[in-house]
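Peer 1: One structure, as structure tokens, below. Some questions next.
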Protein chains: 2
Amino acid sequence: MAHLDRIFHSLSDSTRRAVIAQLAHGPASVGDLAQRHSMALPSFMKHVRVLEESEIVISRKMGRVRMCQLRPDALAVAQGWLERERHIWESRLDRLDSFVETLAEQDNTHGRK
Amino acid sequence: MAHLDRIFHSLSDSTRRAVIAQLAHGPASVGDLAQRHSMALPSFMKHVRVLEESEIVISRKMGRVRMCQLRPDALAVAQGWLERERHIWESRLDRLDSFVETLAEQDNTHGRK
DNA sequence: GGATTAGTTAGCCATATGGCTCACCTTGAT
DNA sequence: ATCAAGGTGAGCCATATGGCTAACTAATCC
């Protein structure tokens, strides 16, 4: 799934994660966002575009300012994948536990060593 | 944090996600894992190494076979980050709601328009 | 209307990524 | 002792990524 690829790729850069973190507190202009990241504007804009292409951020231009905003449920897709995998993994561990318990019981029944 | 960088980067490739998904069902050898991915072994091994370097997978060689295994709580780090951000984002939306409510109340008090 | 602000476009550069082949090394089977 | 299986290592290649500068456009301010 190309969408997940793009989402996780977006998240793999600390500049972009910082932008997300900042936007979680509320909308901000590109200029606002760029300030804290000592980086030329065009370089920074690339990150913004990556975030938009992965549908984590939306922006529109008002006058000469571009306002950015976190997209509701943007991160849900990523979270969903992680949770599914973790669930599979954990329910497997549960089954393993009971398997081990079964072994232990048989062990008790038939004597040990 | 470089660790998060590596984790999310690992997750940004569908081959690697597939490996994780397969390992969630239980340990497997490199050969087992490689089978479903039509790709030369050395190429595939690179993915395995990426997964190891991001501490999602651990492996050790038994005889001539390398067994791979998902690392417990490997994905928790990623999930943690996502959940924190989402929480900030959502509690902000809540505050916004109450802010809007406050406005509405004042609106009622002072008459509208 | 001229300067300033806020982006945007284009293009350059170094490094990283994801694929490949070919040669090699161990281990296990015969 | 030899051969096959299962990786590994080295190195090539094309494309992607993340940074830069310089030049441009479009709004806003004085």
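Residue numbering restarts at 1 in every chain; chains get A, B, ... in the order shown in the structure tokens, and ligands count up from 1 in that same order.
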If we count only C-alpha atoms (C1' of nucleotides), what is near His25 of chain A at a cut-off of 8 Å, once residues fewer than 4 positions away on the same chain are taken out, given as a list in words?

Peer 2: Ala21 of chain A; Ile88, Trp89 and Arg92 of chain B

Peer 1: Would you output that residue set with N, CA and C atoms, as a short mmCIF file (atom, residue, chain, number, x, y, z; two decimals), in the first residue's frame?

Peer 2:
```cif
data_model
loop_
_atom_site.label_atom_id
_atom_site.label_comp_id
_atom_site.auth_asym_id
_atom_site.auth_seq_id
_atom_site.Cartn_x
_atom_site.Cartn_y
_atom_site.Cartn_z
N ALA A 21 4.07 17.72 15.51
CA ALA A 21 3.90 18.01 16.93
C ALA A 21 3.42 19.44 17.13
N ILE B 88 -2.57 15.04 22.16
CA ILE B 88 -2.45 16.50 22.18
C ILE B 88 -3.46 17.12 21.22
N TRP B 89 -3.48 16.55 20.04
CA TRP B 89 -4.37 17.04 19.00
C TRP B 89 -5.82 16.96 19.44
N ARG B 92 -6.83 19.25 22.27
CA ARG B 92 -6.96 20.61 21.74
C ARG B 92 -8.34 20.79 21.10
#
```

Peer 1: Each residue of chain A lying at most 9 Å from chain D should get a row with its shortest atom-to-atom pair and the distance in Å to one decimal, counting only C-alpha atoms (C1' of nucleotides); could you produce that, ordered by chain and increasing number, as a tab-separated table?

Peer 2:
```
residue	atom	partner	partner_atom	distance
A:Met39	CA	D:DG19	C1'	8.3
A:Ala40	CA	D:DC20	C1'	7.7
A:Pro42	CA	D:DC20	C1'	9.0
A:Ser43	CA	D:DG19	C1'	6.4
A:Lys46	CA	D:DG18	C1'	8.6
A:Gly63	CA	D:DA27	C1'	6.0
A:Arg64	CA	D:DA27	C1'	5.2
A:Val65	CA	D:DA27	C1'	8.7
```

Peer 1: As a PyMOL selection string, could you give me every residue of chain B near chain A (at most 9 Å apart, counting only C-alpha atoms)?

Peer 2: chain B and resi 1-2+4-14+20-21+23-26+70+72-73+75-76+78-79+82-83+85-90+92-93

Peer 1: Output C-alpha atoms for every residue in that selection, as a CSV table (one decimal), in the first residue's frame.

Peer 2:
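Full text of out_23.csv as output:
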```csv
chain,number,residue,atom,x,y,z
B,1,MET,CA,15.5,11.0,18.0
B,2,ALA,CA,17.4,8.9,15.6
B,4,LEU,CA,12.2,6.9,15.9
B,5,ASP,CA,13.7,7.9,12.5
B,6,ARG,CA,14.9,4.4,12.0
B,7,ILE,CA,11.8,2.7,13.2
B,8,PHE,CA,9.5,4.8,11.0
B,9,HIS,CA,11.9,4.4,8.1
B,10,SER,CA,11.7,0.6,8.5
B,11,LEU,CA,8.0,0.8,8.4
B,12,SER,CA,7.9,2.9,5.3
B,13,ASP,CA,8.7,0.0,3.0
B,14,SER,CA,6.0,-2.6,2.1
B,20,ILE,CA,6.9,-7.8,10.2
B,21,ALA,CA,3.4,-9.1,9.5
B,23,LEU,CA,7.0,-12.5,11.9
B,24,ALA,CA,4.0,-11.5,14.0
B,25,HIS,CA,2.7,-15.0,13.4
B,26,GLY,CA,6.0,-16.5,14.6
B,70,LEU,CA,9.9,-10.0,16.2
B,72,PRO,CA,8.5,-7.7,21.9
B,73,ASP,CA,7.4,-4.1,22.2
B,75,LEU,CA,6.3,-1.3,17.7
B,76,ALA,CA,5.4,0.2,21.1
B,78,ALA,CA,6.2,4.1,17.3
B,79,GLN,CA,2.7,3.6,18.8
B,82,LEU,CA,1.6,8.5,17.6
B,83,GLU,CA,-0.7,8.2,20.6
B,85,GLU,CA,0.6,13.4,19.3
B,86,ARG,CA,-3.0,12.3,18.8
B,87,HIS,CA,-3.8,12.9,22.4
B,88,ILE,CA,-2.5,16.5,22.2
B,89,TRP,CA,-4.4,17.0,19.0
B,90,GLU,CA,-7.6,15.7,20.4
B,92,ARG,CA,-7.0,20.6,21.7
B,93,LEU,CA,-10.1,19.9,19.7
```

Peer 1: Give me, as an mmCIF file with N, CA, C and O atoms (P, O5', C5', C4', C3', O3' and C1' of nucleotides), in the first residue's frame, the contact residues of chain C against chain B at a cut-off of 7 Å, counting only C-alpha atoms (C1' of nucleotides).

Peer 2:
```
data_model
loop_
_atom_site.group_PDB
_atom_site.id
_atom_site.type_symbol
_atom_site.label_atom_id
_atom_site.label_comp_id
_atom_site.auth_asym_id
_atom_site.auth_seq_id
_atom_site.Cartn_x
_atom_site.Cartn_y
_atom_site.Cartn_z
ATOM 1 P P DG C 19 13.537 -3.225 -3.011
ATOM 2 O "O5'" DG C 19 14.486 -4.001 -4.030
ATOM 3 C "C5'" DG C 19 14.178 -4.061 -5.379
ATOM 4 C "C4'" DG C 19 15.392 -4.006 -6.281
ATOM 5 C "C3'" DG C 19 16.249 -5.280 -6.393
ATOM 6 O "O3'" DG C 19 15.634 -6.270 -7.192
ATOM 7 C "C1'" DG C 19 17.559 -3.305 -6.551
ATOM 8 P P DT C 26 34.622 -19.377 6.641
ATOM 9 O "O5'" DT C 26 33.478 -20.036 7.518
ATOM 10 C "C5'" DT C 26 32.643 -20.915 6.808
ATOM 11 C "C4'" DT C 26 31.303 -20.950 7.477
ATOM 12 C "C3'" DT C 26 31.199 -22.198 8.323
ATOM 13 O "O3'" DT C 26 30.233 -21.989 9.318
ATOM 14 C "C1'" DT C 26 29.891 -22.413 6.321
ATOM 15 P P DT C 27 30.202 -23.139 10.547
ATOM 16 O "O5'" DT C 27 29.028 -24.080 10.046
ATOM 17 C "C5'" DT C 27 27.767 -23.479 9.801
ATOM 18 C "C4'" DT C 27 26.821 -24.495 9.209
ATOM 19 C "C3'" DT C 27 26.819 -25.849 9.916
ATOM 20 O "O3'" DT C 27 25.461 -26.142 10.167
ATOM 21 C "C1'" DT C 27 27.127 -26.125 7.578
#
```

Peer 1: Please indicate the distance in Å from atom C1' of DA14 of chain C to atom CA of Ile56 of chain B, rounded to one decimal place.

Peer 2: 29.2 Å

Peer 1: List every residue of chain B that DSSP, applied to the backbone, labels as alpha helix (DSSP H), and write the result as number ranges by chain.

Peer 2: B: 2-11, 14-24, 30-35, 41-53, 76-110

Peer 1: Expressed in Å to a single decimal, how great is the separation between atom C1' of DA16 of chain C and atom CA of Val50 of chain A?

Peer 2: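 About the pair atom C1' of DA16 of chain C and atom CA of Val50 of chain A: they are 17.4 Å apart.
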
Peer 1: Rounded to one decimal, what separation in Å do you get between atom CA of Arg60 of chain B and atom CA of His37 of chain B?

Peer 2: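 Computing the Euclidean distance for atom CA of Arg60 of chain B and atom CA of His37 of chain B yields 21.1 Å.
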